file query.pdb (PDB, C-alpha atoms and all ligand atoms)
MODEL        1
ATOM      1  CA  MET V   1      71.847 113.324  66.561  1.00  0.00           C
ATOM      2  CA  LYS V   2      74.211 111.049  64.731  1.00  0.00           C
ATOM      3  CA  LYS V   3      77.182 112.680  66.430  1.00  0.00           C
ATOM      4  CA  LEU V   4      75.584 112.127  69.828  1.00  0.00           C
ATOM      5  CA  SER V   5      74.956 108.421  69.238  1.00  0.00           C
ATOM      6  CA  THR V   6      78.500 107.956  67.970  1.00  0.00           C
ATOM      7  CA  LEU V   7      79.785 109.685  71.066  1.00  0.00           C
ATOM      8  CA  LEU V   8      77.596 107.522  73.308  1.00  0.00           C
ATOM      9  CA  LEU V   9      78.706 104.364  71.546  1.00  0.00           C
ATOM     10  CA  SER V  10      82.398 105.159  71.911  1.00  0.00           C
ATOM     11  CA  LEU V  11      81.803 106.070  75.549  1.00  0.00           C
ATOM     12  CA  LEU V  12      80.115 102.729  76.157  1.00  0.00           C
ATOM     13  CA  PHE V  13      82.940 100.953  74.375  1.00  0.00           C
ATOM     14  CA  ALA V  14      85.586 102.702  76.481  1.00  0.00           C
ATOM     15  CA  LEU V  15      83.624 101.885  79.633  1.00  0.00           C
ATOM     16  CA  SER V  16      83.265  98.177  78.880  1.00  0.00           C
ATOM     17  CA  LEU V  17      86.928  98.002  77.883  1.00  0.00           C
ATOM     18  CA  SER V  18      88.084  99.515  81.159  1.00  0.00           C
ATOM     19  CA  GLN V  19      85.791  97.178  83.087  1.00  0.00           C
ATOM     20  CA  ALA V  20      87.146  94.172  81.214  1.00  0.00           C
ATOM     21  CA  LEU V  21      90.682  95.266  82.026  1.00  0.00           C
ATOM     22  CA  ALA V  22      89.843  95.925  85.666  1.00  0.00           C
ATOM     23  CA  ALA V  23      88.365  92.462  86.136  1.00  0.00           C
ATOM     24  CA  GLU V  24      91.081  90.513  84.332  1.00  0.00           C
ATOM     25  CA  PRO V  25      90.986  87.082  85.965  1.00  0.00           C
ATOM     26  CA  GLN V  26      94.217  85.697  87.330  1.00  0.00           C
ATOM     27  CA  VAL V  27      94.231  81.914  87.181  1.00  0.00           C
ATOM     28  CA  ILE V  28      97.234  80.190  88.690  1.00  0.00           C
ATOM     29  CA  GLU V  29      98.101  76.501  88.787  1.00  0.00           C
ATOM     30  CA  VAL V  30      99.547  75.465  92.140  1.00  0.00           C
ATOM     31  CA  LYS V  31     101.052  72.082  92.883  1.00  0.00           C
ATOM     32  CA  LEU V  32     101.162  70.639  96.380  1.00  0.00           C
ATOM     33  CA  ASP V  33     103.449  67.704  97.122  1.00  0.00           C
ATOM     34  CA  SER V  34     105.520  66.199  99.923  1.00  0.00           C
ATOM     35  CA  TYR V  35     106.931  68.672 100.838  1.00  0.00           C
ATOM     36  CA  TYR V  36     106.692  71.765  98.714  1.00  0.00           C
ATOM     37  CA  ILE V  37     104.321  74.267  97.165  1.00  0.00           C
ATOM     38  CA  LYS V  38     105.011  75.160  93.521  1.00  0.00           C
ATOM     39  CA  PRO V  39     105.398  77.936  92.615  1.00  0.00           C
ATOM     40  CA  GLU V  40     106.914  79.043  95.915  1.00  0.00           C
ATOM     41  CA  LYS V  41     106.068  82.625  95.122  1.00  0.00           C
ATOM     42  CA  ILE V  42     102.841  83.776  93.472  1.00  0.00           C
ATOM     43  CA  THR V  43     102.399  87.374  92.378  1.00  0.00           C
ATOM     44  CA  VAL V  44      98.884  88.737  91.804  1.00  0.00           C
ATOM     45  CA  LYS V  45      97.328  92.143  91.257  1.00  0.00           C
ATOM     46  CA  ARG V  46      95.306  93.946  93.873  1.00  0.00           C
ATOM     47  CA  ASP V  47      91.530  94.287  93.357  1.00  0.00           C
ATOM     48  CA  GLN V  48      91.484  91.664  90.610  1.00  0.00           C
ATOM     49  CA  PRO V  49      89.921  88.245  91.136  1.00  0.00           C
ATOM     50  CA  VAL V  50      92.323  85.347  91.660  1.00  0.00           C
ATOM     51  CA  THR V  51      91.618  81.654  91.174  1.00  0.00           C
ATOM     52  CA  LEU V  52      94.107  79.123  92.444  1.00  0.00           C
ATOM     53  CA  ASN V  53      93.778  75.683  90.853  1.00  0.00           C
ATOM     54  CA  LEU V  54      95.330  73.355  93.401  1.00  0.00           C
ATOM     55  CA  THR V  55      96.588  69.864  92.596  1.00  0.00           C
ATOM     56  CA  ASN V  56      97.874  67.488  95.234  1.00  0.00           C
ATOM     57  CA  GLU V  57     100.473  65.415  93.416  1.00  0.00           C
ATOM     58  CA  ALA V  58     101.255  63.206  96.411  1.00  0.00           C
ATOM     59  CA  SER V  59     100.207  59.568  96.162  1.00  0.00           C
ATOM     60  CA  LEU V  60      99.299  59.139  99.830  1.00  0.00           C
ATOM     61  CA  LEU V  61      99.340  62.309 101.890  1.00  0.00           C
ATOM     62  CA  PRO V  62      96.545  64.852 102.086  1.00  0.00           C
ATOM     63  CA  HIS V  63      97.738  68.460 101.909  1.00  0.00           C
ATOM     64  CA  ASN V  64      96.120  71.858 102.088  1.00  0.00           C
ATOM     65  CA  LEU V  65      96.742  75.470 101.250  1.00  0.00           C
ATOM     66  CA  VAL V  66      96.233  78.097 103.921  1.00  0.00           C
ATOM     67  CA  ILE V  67      96.514  81.866 103.517  1.00  0.00           C
ATOM     68  CA  LYS V  68      95.273  83.918 106.462  1.00  0.00           C
ATOM     69  CA  ALA V  69      95.228  87.611 105.574  1.00  0.00           C
ATOM     70  CA  PRO V  70      91.654  88.770 106.266  1.00  0.00           C
ATOM     71  CA  GLU V  71      92.907  92.389 106.286  1.00  0.00           C
ATOM     72  CA  ALA V  72      93.657  91.887 102.583  1.00  0.00           C
ATOM     73  CA  GLY V  73      90.437  90.013 101.767  1.00  0.00           C
ATOM     74  CA  ILE V  74      92.219  86.657 101.797  1.00  0.00           C
ATOM     75  CA  ASP V  75      91.133  83.984 104.238  1.00  0.00           C
ATOM     76  CA  ILE V  76      91.453  80.548 102.730  1.00  0.00           C
ATOM     77  CA  ALA V  77      92.078  77.004 103.928  1.00  0.00           C
ATOM     78  CA  VAL V  78      91.515  74.357 101.277  1.00  0.00           C
ATOM     79  CA  ASP V  79      92.085  70.647 101.819  1.00  0.00           C
ATOM     80  CA  VAL V  80      93.165  68.549  98.855  1.00  0.00           C
ATOM     81  CA  SER V  81      93.264  64.754  99.115  1.00  0.00           C
ATOM     82  CA  ALA V  82      96.155  62.834  97.586  1.00  0.00           C
ATOM     83  CA  GLY V  83      95.918  62.817  93.810  1.00  0.00           C
ATOM     84  CA  LYS V  84      92.971  65.224  93.791  1.00  0.00           C
ATOM     85  CA  ALA V  85      92.385  68.810  92.695  1.00  0.00           C
ATOM     86  CA  ALA V  86      90.477  71.758  94.147  1.00  0.00           C
ATOM     87  CA  SER V  87      89.968  75.420  93.327  1.00  0.00           C
ATOM     88  CA  VAL V  88      89.649  78.523  95.419  1.00  0.00           C
ATOM     89  CA  SER V  89      88.865  82.100  94.411  1.00  0.00           C
ATOM     90  CA  PHE V  90      89.327  85.411  96.174  1.00  0.00           C
ATOM     91  CA  THR V  91      90.041  89.053  95.427  1.00  0.00           C
ATOM     92  CA  PRO V  92      93.022  90.561  97.260  1.00  0.00           C
ATOM     93  CA  THR V  93      92.277  94.113  98.441  1.00  0.00           C
ATOM     94  CA  LYS V  94      95.628  95.153  99.921  1.00  0.00           C
ATOM     95  CA  THR V  95      99.191  95.028  98.614  1.00  0.00           C
ATOM     96  CA  GLY V  96     101.790  93.107 100.600  1.00  0.00           C
ATOM     97  CA  SER V  97     103.467  89.729 101.113  1.00  0.00           C
ATOM     98  CA  TYR V  98     101.349  87.056 102.701  1.00  0.00           C
ATOM     99  CA  GLU V  99     102.483  83.656 103.874  1.00  0.00           C
ATOM    100  CA  MET V 100     100.919  80.567 102.326  1.00  0.00           C
ATOM    101  CA  PHE V 101     101.480  77.134 103.775  1.00  0.00           C
ATOM    102  CA  CYS V 102     100.176  73.632 104.411  1.00  0.00           C
ATOM    103  CA  SER V 103      98.873  73.366 107.971  1.00  0.00           C
ATOM    104  CA  LYS V 104      99.064  69.575 108.303  1.00  0.00           C
ATOM    105  CA  GLU V 105     100.777  68.612 111.552  1.00  0.00           C
ATOM    106  CA  PRO V 106     101.029  64.857 111.978  1.00  0.00           C
ATOM    107  CA  PRO V 107     101.707  63.785 115.584  1.00  0.00           C
ATOM    108  CA  PHE V 108     105.349  63.255 116.684  1.00  0.00           C
ATOM    109  CA  VAL V 109     106.945  64.424 113.421  1.00  0.00           C
ATOM    110  CA  LYS V 110     107.727  67.768 111.812  1.00  0.00           C
ATOM    111  CA  SER V 111     104.810  69.731 110.361  1.00  0.00           C
ATOM    112  CA  HIS V 112     104.463  69.950 106.604  1.00  0.00           C
ATOM    113  CA  LYS V 113     105.277  73.650 106.837  1.00  0.00           C
ATOM    114  CA  GLU V 114     108.543  72.878 108.676  1.00  0.00           C
ATOM    115  CA  ARG V 115     109.363  70.316 105.996  1.00  0.00           C
ATOM    116  CA  GLY V 116     109.093  72.936 103.269  1.00  0.00           C
ATOM    117  CA  MET V 117     105.441  73.438 102.423  1.00  0.00           C
ATOM    118  CA  HIS V 118     105.394  77.201 102.573  1.00  0.00           C
ATOM    119  CA  GLY V 119     105.618  80.121 100.195  1.00  0.00           C
ATOM    120  CA  VAL V 120     104.596  83.700  99.597  1.00  0.00           C
ATOM    121  CA  LEU V 121     101.612  85.307  97.945  1.00  0.00           C
ATOM    122  CA  GLU V 122     102.630  88.752  96.808  1.00  0.00           C
ATOM    123  CA  VAL V 123      99.904  91.290  96.057  1.00  0.00           C
ATOM    124  CA  VAL V 124     101.032  94.226  93.917  1.00  0.00           C
ATOM    125  CA  ASP V 125      99.400  97.267  92.322  1.00  0.00           C
TER
HETATM  126 CU    CU P   1     100.965  69.132 103.535  1.00  0.00          CU
ENDMDL
END

call {"tool": "encode", "arguments": {"input": "query.pdb", "output": "structure tokens", "more": "lines below"}}
Ligand SMILES: [Cu+2]
result
Amino acid sequence: MKKLSTLLLSLLFALSLSQALAAEPQVIEVKLDSYYIKPEKITVKRDQPVTLNLTNEASLLPHNLVIKAPEAGIDIAVDVSAGKAASVSFTPTKTGSYEMFCSKEPPFVKSHKERGMHGVLEVVD
């Protein structure tokens, strides 16, 4: 009986350990400013939750972060006012390189993306 309970306990321990490893949160600080996204390239692991903490460091301009990859479980568009912060969470389900950018397009001038507000979210195994 004692052997069985020891076995069960170690099994439970191994199970919770593997679950903890599988759900390792990936929290990444992302800065938005006129006109860049930092870091330009973000690498995350597939099937593990990701939280992006966005900060708009600009003093006047609103920015946003857009990643449209619904095939990979990523479909975000988050506005961040000047000087403010926002967070967004998702779990990428497919490896690959996905474009991230600011979609602000003021009339008569270049879009924020054209001015440099773009980067890559890389999802790896
Ligand atoms: Cu912008």

call {"tool": "resolve_selection", "arguments": {"input": "query.pdb", "expression": "the PyMOL selection byres (((not hetatm)) within 8 of (chain P and resi 1))", "output": "list in words"}}
result
Leu32, Asp33, Ser34, Tyr35, Tyr36, Leu61, Pro62, His63, Asn64, Leu65, Cys102, Ser103, Lys104, Ser111, His112, Lys113 and Met117 of chain V

call {"tool": "atom_distance", "arguments": {"input": "query.pdb", "atom1": "atom CA of V:Phe90", "atom2": "atom CA of V:Glu114"}}
result
26.1 Å

call {"tool": "closest_residue", "arguments": {"input": "query.pdb", "among": "V:Lys31, V:Lys38, V:Lys3, V:Arg46", "to": "V:Asp125", "atoms": "all atoms listed in the file"}}
result
V:Arg46

call {"tool": "axis_aligned_box", "arguments": {"input": "query.pdb", "around": "stretch 32-50 of chain V", "padding_each_side": "5 Å", "output": "AutoDock Vina command-line options"}}
result
--center_x 98.4 --center_y 80.2 --center_z 95.7 --size_x 27.0 --size_y 38.1 --size_z 20.2

call {"tool": "resolve_selection", "arguments": {"input": "query.pdb", "expression": "the PyMOL selection byres (((chain V and resi 93) around 12) and not hetatm)", "output": "CSV table (one decimal) with C-alpha atoms, in the frame of the given file"}}
result
chain,number,residue,atom,x,y,z
V,44,VAL,CA,98.9,88.7,91.8
V,45,LYS,CA,97.3,92.1,91.3
V,46,ARG,CA,95.3,93.9,93.9
V,47,ASP,CA,91.5,94.3,93.4
V,48,GLN,CA,91.5,91.7,90.6
V,49,PRO,CA,89.9,88.2,91.1
V,50,VAL,CA,92.3,85.3,91.7
V,69,ALA,CA,95.2,87.6,105.6
V,70,PRO,CA,91.7,88.8,106.3
V,71,GLU,CA,92.9,92.4,106.3
V,72,ALA,CA,93.7,91.9,102.6
V,73,GLY,CA,90.4,90.0,101.8
V,74,ILE,CA,92.2,86.7,101.8
V,75,ASP,CA,91.1,84.0,104.2
V,90,PHE,CA,89.3,85.4,96.2
V,91,THR,CA,90.0,89.1,95.4
V,92,PRO,CA,93.0,90.6,97.3
V,94,LYS,CA,95.6,95.2,99.9
V,95,THR,CA,99.2,95.0,98.6
V,96,GLY,CA,101.8,93.1,100.6
V,122,GLU,CA,102.6,88.8,96.8
V,123,VAL,CA,99.9,91.3,96.1
V,124,VAL,CA,101.0,94.2,93.9
V,125,ASP,CA,99.4,97.3,92.3

call {"tool": "atom_distance", "arguments": {"input": "query.pdb", "atom1": "atom CA of V:Leu52", "atom2": "atom CA of V:Glu24"}}
result
14.3 Å

call {"tool": "closest_residue", "arguments": {"input": "query.pdb", "among": "V:Val109, V:Val27, V:Leu54, V:Val120", "to": "V:Ala85", "atoms": "all atoms listed in the file"}}
result
V:Leu54

call {"tool": "residues_around", "arguments": {"input": "query.pdb", "residues": "V:Ile76", "least_positions_apart": "2", "cutoff": "7 Å", "atoms": "all atoms listed in the file", "output": "PDB file with C-alpha atoms, keeping the file's coordinate frame"}}
result
ATOM      1  CA  VAL V  66      96.233  78.097 103.921  1.00  0.00           C
ATOM      2  CA  ILE V  67      96.514  81.866 103.517  1.00  0.00           C
ATOM      3  CA  LYS V  68      95.273  83.918 106.462  1.00  0.00           C
ATOM      4  CA  ILE V  74      92.219  86.657 101.797  1.00  0.00           C
ATOM      5  CA  VAL V  78      91.515  74.357 101.277  1.00  0.00           C
TER       6      VAL V  78
END

call {"tool": "residues_around", "arguments": {"input": "query.pdb", "residues": "V:Thr51", "least_positions_apart": "3", "cutoff": "7 Å", "atoms": "all atoms listed in the file", "output": "PyMOL selection string"}}
result
chain V and resi 26-28+87-90

call {"tool": "closest_residue", "arguments": {"input": "query.pdb", "among": "V:Ser81, V:Pro106, V:Thr43, V:Glu99", "to": "V:His118", "atoms": "all atoms listed in the file"}}
result
V:Glu99

call {"tool": "atom_distance", "arguments": {"input": "query.pdb", "atom1": "atom CA of V:Ala86", "atom2": "atom CA of V:Asn56"}}
result
8.6 Å

call {"tool": "closest_residue", "arguments": {"input": "query.pdb", "among": "V:Ala82, V:Met100, V:Ala58, V:Ile37", "to": "V:Gly116", "atoms": "all atoms listed in the file"}}
result
V:Ile37

call {"tool": "closest_residue", "arguments": {"input": "query.pdb", "among": "V:Asp79, V:Ser59, V:Lys110, V:Phe101", "to": "V:Pro39", "atoms": "all atoms listed in the file"}}
result
V:Phe101

call {"tool": "decode", "arguments": {"input": "query.pdb", "residues": "stretch 53-88 of chain V", "atoms": "N, CA and C atoms", "output": "compact mmCIF listing (two decimals), in the first residue's frame"}}
result
# COMPACT_ATOMS: atom_id res chain seq x y z
N ASN V 53 2.93 43.30 -23.04
CA ASN V 53 2.67 44.54 -22.30
C ASN V 53 3.13 45.70 -23.17
N LEU V 54 2.15 46.43 -23.70
CA LEU V 54 2.45 47.49 -24.65
C LEU V 54 2.54 48.83 -23.93
N THR V 55 3.56 49.62 -24.29
CA THR V 55 3.65 50.99 -23.78
C THR V 55 3.83 51.92 -24.96
N ASN V 56 2.99 52.94 -25.03
CA ASN V 56 3.16 53.96 -26.06
C ASN V 56 3.99 55.09 -25.46
N GLU V 57 5.22 55.20 -25.91
CA GLU V 57 6.14 56.18 -25.34
C GLU V 57 6.04 57.55 -26.01
N ALA V 58 5.19 57.66 -27.02
CA ALA V 58 5.05 58.94 -27.71
C ALA V 58 4.33 59.94 -26.80
N SER V 59 4.63 61.23 -26.99
CA SER V 59 3.99 62.22 -26.12
C SER V 59 2.67 62.73 -26.72
N LEU V 60 2.49 62.53 -28.02
CA LEU V 60 1.25 63.05 -28.64
C LEU V 60 0.46 62.00 -29.41
N LEU V 61 1.17 61.16 -30.17
CA LEU V 61 0.47 60.31 -31.13
C LEU V 61 -0.04 59.00 -30.55
N PRO V 62 -1.30 58.68 -30.84
CA PRO V 62 -1.79 57.34 -30.51
C PRO V 62 -1.19 56.31 -31.46
N HIS V 63 -0.88 55.13 -30.96
CA HIS V 63 -0.38 54.05 -31.80
C HIS V 63 -1.20 52.80 -31.51
N ASN V 64 -0.93 51.75 -32.27
CA ASN V 64 -1.57 50.47 -31.95
C ASN V 64 -0.65 49.34 -32.38
N LEU V 65 -1.04 48.14 -31.97
CA LEU V 65 -0.30 46.96 -32.41
C LEU V 65 -1.30 45.99 -33.01
N VAL V 66 -1.03 45.64 -34.28
CA VAL V 66 -1.92 44.75 -35.01
C VAL V 66 -1.14 43.51 -35.44
N ILE V 67 -1.69 42.34 -35.15
CA ILE V 67 -1.15 41.09 -35.70
C ILE V 67 -2.36 40.28 -36.16
N LYS V 68 -2.45 40.06 -37.47
CA LYS V 68 -3.58 39.33 -38.03
C LYS V 68 -3.11 37.98 -38.56
N ALA V 69 -3.21 36.96 -37.73
CA ALA V 69 -2.84 35.60 -38.14
C ALA V 69 -3.83 34.63 -37.49
N PRO V 70 -5.12 34.75 -37.86
CA PRO V 70 -6.14 33.90 -37.22
C PRO V 70 -5.84 32.41 -37.39
N GLU V 71 -5.14 32.05 -38.48
CA GLU V 71 -4.79 30.64 -38.71
C GLU V 71 -3.83 30.12 -37.63
N ALA V 72 -3.18 31.07 -36.92
CA ALA V 72 -2.25 30.68 -35.87
C ALA V 72 -2.79 31.07 -34.48
N GLY V 73 -4.09 31.38 -34.43
CA GLY V 73 -4.70 31.74 -33.15
C GLY V 73 -4.36 33.15 -32.69
N ILE V 74 -3.88 33.97 -33.62
CA ILE V 74 -3.49 35.34 -33.26
C ILE V 74 -4.30 36.33 -34.10
N ASP V 75 -5.09 37.13 -33.42
CA ASP V 75 -5.91 38.11 -34.13
C ASP V 75 -6.09 39.30 -33.20
N ILE V 76 -5.08 40.17 -33.19
CA ILE V 76 -5.13 41.26 -32.22
C ILE V 76 -5.01 42.62 -32.89
N ALA V 77 -5.63 43.61 -32.28
CA ALA V 77 -5.53 45.00 -32.70
C ALA V 77 -5.79 45.82 -31.44
N VAL V 78 -4.71 46.35 -30.86
CA VAL V 78 -4.83 47.03 -29.58
C VAL V 78 -4.39 48.49 -29.72
N ASP V 79 -5.29 49.40 -29.42
CA ASP V 79 -4.94 50.82 -29.44
C ASP V 79 -4.31 51.23 -28.12
N VAL V 80 -3.28 52.07 -28.21
CA VAL V 80 -2.64 52.59 -27.00
C VAL V 80 -2.47 54.10 -27.17
N SER V 81 -3.13 54.86 -26.31
CA SER V 81 -3.01 56.33 -26.37
C SER V 81 -1.60 56.76 -26.00
N ALA V 82 -1.25 57.97 -26.39
CA ALA V 82 0.08 58.50 -26.08
C ALA V 82 0.32 58.46 -24.57
N GLY V 83 1.48 57.92 -24.20
CA GLY V 83 1.86 57.88 -22.80
C GLY V 83 1.18 56.80 -21.98
N LYS V 84 0.34 56.00 -22.62
CA LYS V 84 -0.42 54.97 -21.89
C LYS V 84 0.13 53.57 -22.13
N ALA V 85 -0.45 52.61 -21.39
CA ALA V 85 -0.05 51.21 -21.53
C ALA V 85 -1.29 50.35 -21.73
N ALA V 86 -1.08 49.18 -22.31
CA ALA V 86 -2.18 48.22 -22.49
C ALA V 86 -1.56 46.84 -22.61
N SER V 87 -2.37 45.82 -22.32
CA SER V 87 -1.87 44.45 -22.42
C SER V 87 -2.78 43.63 -23.30
N VAL V 88 -2.19 42.63 -23.93
CA VAL V 88 -2.99 41.71 -24.74
C VAL V 88 -2.39 40.31 -24.59
